[in-house]
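> Contents are PDB, C-alpha atoms, pLDDT in the B column; file name work_28.pdb:
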ATOM      1  CA  MET A   1     -70.498  91.345 -76.502  1.00 45.00           C
ATOM      2  CA  ALA A   2     -68.326  88.285 -77.151  1.00 46.00           C
ATOM      3  CA  GLY A   3     -64.764  89.182 -78.034  1.00 47.00           C
ATOM      4  CA  GLY A   4     -65.478  92.892 -77.628  1.00 52.00           C
ATOM      5  CA  THR A   5     -62.351  93.345 -75.529  1.00 53.00           C
ATOM      6  CA  GLU A   6     -60.120  91.630 -78.093  1.00 66.00           C
ATOM      7  CA  THR A   7     -58.187  93.751 -80.518  1.00 77.00           C
ATOM      8  CA  ALA A   8     -60.034  93.451 -83.805  1.00 74.00           C
ATOM      9  CA  ALA A   9     -56.803  92.725 -85.699  1.00 73.00           C
ATOM     10  CA  ALA A  10     -56.202  89.642 -83.533  1.00 86.00           C
ATOM     11  CA  LEU A  11     -59.486  88.043 -84.574  1.00 91.00           C
ATOM     12  CA  GLY A  12     -59.840  85.392 -87.214  1.00 94.00           C
ATOM     13  CA  TYR A  13     -62.335  85.875 -90.023  1.00 95.00           C
ATOM     14  CA  GLU A  14     -65.074  83.730 -88.493  1.00 95.00           C
ATOM     15  CA  GLU A  15     -64.748  85.393 -85.089  1.00 96.00           C
ATOM     16  CA  ALA A  16     -64.884  88.882 -86.597  1.00 96.00           C
ATOM     17  CA  ARG A  17     -67.837  87.950 -88.827  1.00 97.00           C
ATOM     18  CA  ASP A  18     -69.796  86.433 -85.945  1.00 97.00           C
ATOM     19  CA  GLU A  19     -69.181  89.422 -83.700  1.00 97.00           C
ATOM     20  CA  LEU A  20     -70.111  91.783 -86.541  1.00 98.00           C
ATOM     21  CA  ILE A  21     -73.414  89.932 -86.951  1.00 98.00           C
ATOM     22  CA  GLU A  22     -74.063  90.381 -83.225  1.00 98.00           C
ATOM     23  CA  VAL A  23     -73.208  94.100 -83.404  1.00 98.00           C
ATOM     24  CA  VAL A  24     -75.615  94.606 -86.307  1.00 98.00           C
ATOM     25  CA  ARG A  25     -78.330  92.648 -84.473  1.00 98.00           C
ATOM     26  CA  ARG A  26     -77.931  94.832 -81.399  1.00 97.00           C
ATOM     27  CA  LEU A  27     -78.012  98.036 -83.442  1.00 97.00           C
ATOM     28  CA  GLU A  28     -81.114  96.921 -85.332  1.00 97.00           C
ATOM     29  CA  ALA A  29     -82.871  95.909 -82.108  1.00 97.00           C
ATOM     30  CA  GLY A  30     -82.473  99.409 -80.709  1.00 95.00           C
ATOM     31  CA  GLY A  31     -82.909 100.172 -77.044  1.00 96.00           C
ATOM     32  CA  THR A  32     -79.349 101.395 -76.634  1.00 96.00           C
ATOM     33  CA  THR A  33     -78.220 104.855 -75.681  1.00 97.00           C
ATOM     34  CA  LEU A  34     -76.600 107.110 -78.225  1.00 97.00           C
ATOM     35  CA  GLU A  35     -73.212 106.484 -76.634  1.00 98.00           C
ATOM     36  CA  GLU A  36     -73.718 102.694 -76.733  1.00 98.00           C
ATOM     37  CA  SER A  37     -74.895 102.881 -80.334  1.00 97.00           C
ATOM     38  CA  LEU A  38     -71.822 104.883 -81.338  1.00 98.00           C
ATOM     39  CA  ALA A  39     -69.530 102.401 -79.579  1.00 98.00           C
ATOM     40  CA  LEU A  40     -71.279  99.508 -81.337  1.00 98.00           C
ATOM     41  CA  TRP A  41     -70.991 101.300 -84.696  1.00 98.00           C
ATOM     42  CA  GLU A  42     -67.267 101.905 -84.166  1.00 98.00           C
ATOM     43  CA  ARG A  43     -66.728  98.261 -83.197  1.00 97.00           C
ATOM     44  CA  GLY A  44     -68.680  97.194 -86.273  1.00 97.00           C
ATOM     45  CA  GLU A  45     -66.437  99.331 -88.485  1.00 97.00           C
ATOM     46  CA  GLU A  46     -63.329  97.705 -86.946  1.00 96.00           C
ATOM     47  CA  LEU A  47     -64.776  94.237 -87.453  1.00 97.00           C
ATOM     48  CA  ALA A  48     -65.747  94.989 -91.060  1.00 97.00           C
ATOM     49  CA  LYS A  49     -62.145  96.065 -91.761  1.00 96.00           C
ATOM     50  CA  VAL A  50     -60.867  92.794 -90.293  1.00 95.00           C
ATOM     51  CA  CYS A  51     -63.257  90.806 -92.481  1.00 96.00           C
ATOM     52  CA  ARG A  52     -62.213  92.785 -95.576  1.00 97.00           C
ATOM     53  CA  HIS A  53     -58.546  92.192 -94.739  1.00 95.00           C
ATOM     54  CA  TRP A  54     -59.076  88.427 -94.450  1.00 95.00           C
ATOM     55  CA  LEU A  55     -61.117  88.282 -97.661  1.00 96.00           C
ATOM     56  CA  GLU A  56     -58.580  90.374 -99.602  1.00 96.00           C
ATOM     57  CA  GLY A  57     -55.803  88.074 -98.366  1.00 95.00           C
ATOM     58  CA  ALA A  58     -57.773  85.012 -99.430  1.00 95.00           C
ATOM     59  CA  ARG A  59     -58.419  86.578-102.859  1.00 95.00           C
ATOM     60  CA  ALA A  60     -54.704  87.355-103.304  1.00 96.00           C
ATOM     61  CA  ARG A  61     -53.752  83.780-102.390  1.00 95.00           C
ATOM     62  CA  LEU A  62     -56.348  82.386-104.783  1.00 94.00           C
ATOM     63  CA  ASP A  63     -55.225  84.695-107.598  1.00 94.00           C
ATOM     64  CA  ALA A  64     -51.561  83.726-107.021  1.00 95.00           C
ATOM     65  CA  SER A  65     -52.437  80.041-107.053  1.00 95.00           C
ATOM     66  CA  LEU A  66     -54.453  80.377-110.266  1.00 94.00           C
ATOM     67  CA  ALA A  67     -51.666  82.380-111.925  1.00 94.00           C
ATOM     68  CA  ALA A  68     -49.089  79.738-110.962  1.00 92.00           C
ATOM     69  CA  GLU A  69     -51.347  77.010-112.306  1.00 91.00           C
ATOM     70  CA  ARG A  70     -51.811  78.878-115.605  1.00 92.00           C
ATOM     71  CA  ALA A  71     -48.050  79.472-115.912  1.00 91.00           C
ATOM     72  CA  GLU A  72     -47.395  75.787-115.275  1.00 90.00           C
ATOM     73  CA  GLU A  73     -49.943  74.776-117.915  1.00 89.00           C
ATOM     74  CA  GLU A  74     -48.472  77.215-120.436  1.00 89.00           C
ATOM     75  CA  SER A  75     -44.913  76.046-119.862  1.00 89.00           C
ATOM     76  CA  GLY A  76     -46.030  72.421-120.161  1.00 80.00           C
ATOM     77  CA  ALA A  77     -48.003  73.069-123.375  1.00 67.00           C
ATOM     78  CA  GLY A  78     -44.807  73.647-125.388  1.00 53.00           C
ATOM     79  CA  ASP A  79     -43.403  70.231-124.412  1.00 55.00           C
ATOM     80  CA  GLU A  80     -45.897  68.286-126.495  1.00 53.00           C
TER
END
Could I get this file's structure written as C-alpha coordinates?

Amino acid sequence: MAGGTETAAALGYEEARDELIEVVRRLEAGGTTLEESLALWERGEELAKVCRHWLEGARARLDASLAAERAEEESGAGDE
(Lines of atoms letter the chains of each structure in order from A and count residues from 1; the text may use other names and numbers.)
(Lines give C-alpha, C1' and ligand atoms only; values in the text may rest on other atoms or scores of the structure.)
Protein backbone atom coordinates (compact mmCIF):
# COMPACT_ATOMS: atom_id res chain seq x y z
CA MET A 1 0.00 0.00 0.00
CA ALA A 2 1.55 3.31 -1.07
CA GLY A 3 2.42 5.53 1.86
CA GLY A 4 1.23 2.91 4.34
CA THR A 5 4.39 3.32 6.40
CA GLU A 6 4.03 7.11 6.60
CA THR A 7 2.45 8.62 9.66
CA ALA A 8 -1.04 9.61 8.59
CA ALA A 9 -0.65 13.08 10.12
CA ALA A 10 2.33 13.77 7.84
CA LEU A 11 0.28 13.24 4.69
CA GLY A 12 -1.20 15.99 2.60
CA TYR A 13 -4.88 15.89 1.73
CA GLU A 14 -4.43 14.44 -1.76
CA GLU A 15 -2.05 11.74 -0.53
CA ALA A 16 -4.39 10.72 2.29
CA ARG A 17 -7.42 10.75 -0.03
CA ASP A 18 -5.67 8.63 -2.67
CA GLU A 19 -4.47 6.10 -0.11
CA LEU A 20 -7.95 5.99 1.45
CA ILE A 21 -9.42 5.20 -1.97
CA GLU A 22 -6.92 2.35 -2.33
CA VAL A 23 -7.76 1.02 1.16
CA VAL A 24 -11.48 1.02 0.36
CA ARG A 25 -10.83 -0.69 -2.98
CA ARG A 26 -8.83 -3.43 -1.27
CA LEU A 27 -11.48 -3.94 1.40
CA GLU A 28 -14.26 -4.11 -1.19
CA ALA A 29 -12.29 -6.57 -3.32
CA GLY A 30 -12.04 -9.00 -0.43
CA GLY A 31 -9.57 -11.85 -0.40
CA THR A 32 -7.77 -10.57 2.68
CA THR A 33 -7.48 -12.27 6.02
CA LEU A 34 -9.36 -10.95 9.01
CA GLU A 35 -6.14 -9.51 10.41
CA GLU A 36 -5.33 -7.77 7.10
CA SER A 37 -8.87 -6.44 6.86
CA LEU A 38 -8.69 -5.02 10.38
CA ALA A 39 -5.33 -3.38 9.63
CA LEU A 40 -6.76 -1.87 6.44
CA TRP A 41 -9.84 -0.64 8.32
CA GLU A 42 -7.67 0.99 11.00
CA ARG A 43 -5.50 2.66 8.34
CA GLY A 44 -8.64 3.86 6.58
CA GLU A 45 -9.90 5.42 9.82
CA GLU A 46 -6.56 7.25 10.26
CA LEU A 47 -6.65 8.49 6.68
CA ALA A 48 -10.27 9.66 7.01
CA LYS A 49 -9.29 11.70 10.09
CA VAL A 50 -6.45 13.32 8.13
CA CYS A 51 -8.83 14.21 5.30
CA ARG A 52 -11.36 15.65 7.77
CA HIS A 53 -8.61 17.69 9.43
CA TRP A 54 -7.50 19.17 6.10
CA LEU A 55 -11.08 19.92 5.03
CA GLU A 56 -11.95 21.52 8.39
CA GLY A 57 -8.82 23.68 8.12
CA ALA A 58 -9.76 24.73 4.60
CA ARG A 59 -13.31 25.56 5.75
CA ALA A 60 -11.97 27.67 8.64
CA ARG A 61 -9.66 29.58 6.29
CA LEU A 62 -12.49 30.16 3.83
CA ASP A 63 -14.86 31.31 6.58
CA ALA A 64 -12.20 33.70 7.96
CA SER A 65 -11.55 35.12 4.51
CA LEU A 66 -15.27 35.63 3.84
CA ALA A 67 -15.76 37.27 7.25
CA ALA A 68 -12.84 39.64 6.62
CA GLU A 69 -14.25 40.50 3.21
CA ARG A 70 -17.70 41.21 4.70
CA ALA A 71 -16.17 43.37 7.46
CA GLU A 72 -14.20 45.32 4.87
CA GLU A 73 -17.32 45.87 2.77
CA GLU A 74 -19.31 46.99 5.81
CA SER A 75 -16.65 49.43 6.97
CA GLY A 76 -16.36 50.83 3.44
CA ALA A 77 -20.15 51.20 3.05
CA GLY A 78 -20.27 54.04 5.60
CA ASP A 79 -17.72 56.11 3.65
CA GLU A 80 -20.08 56.85 0.78
> Closest to Arg17 of chain A among A:Ala29, A:Ser37, A:Lys49, A:Ala64, using all atoms listed in the file?
A:Lys49
> Find the spatial neighbours of Arg43 of chain A, counting all atoms listed in the file, within a cut-off of 10 Å - ignore same-chain residues fewer than 3 positions away - and output them as a list in words.
Gly4, Ala8, Glu19, Leu20, Val23, Ser37, Leu38, Ala39, Leu40, Glu46, Leu47, Ala48 and Lys49 of chain A
> Measure the distance from atom CA of Arg25 of chain A to atom CA of Trp41 of chain A in Å and round it to one decimal.
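Going from atom CA of Arg25 of chain A over to atom CA of Trp41 of chain A, I get 11.3 Å.
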> Quick one: of A:Gly44, A:Asp63, A:Arg52, A:Ala58, who's nearest to Glu22 of chain A, counting only C-alpha atoms?
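Of all the options, A:Gly44 lies closest to Glu22 of chain A.
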> Which residue, A:Glu56, A:Ala71, A:Val50, A:Ser65, has the smallest gap to Glu14 of chain A when you use only C-alpha atoms?
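The closest residue to Glu14 of chain A is A:Val50.
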> What's the separation between atom CA of Glu45 of chain A and atom CA of Arg59 of chain A, in Å to one decimal place?
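Spanning atom CA of Glu45 of chain A to atom CA of Arg59 of chain A is a straight-line distance of 20.8 Å.
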> Record the distance separating atom CA of Ala67 of chain A and atom CA of Gly12 of chain A, expressed in Å with one decimal.
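The value is 26.2 Å.
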> Draw an axis-aligned box over all listed atoms of segment 58-68 of chain A, pad each side with 3 Å, and write its centre and edge lengths in Å, one decimal, as AutoDock Vina command-line options.

--center_x -53.8 --center_y 83.5 --center_z -105.7 --size_x 15.3 --size_y 13.6 --size_z 18.5
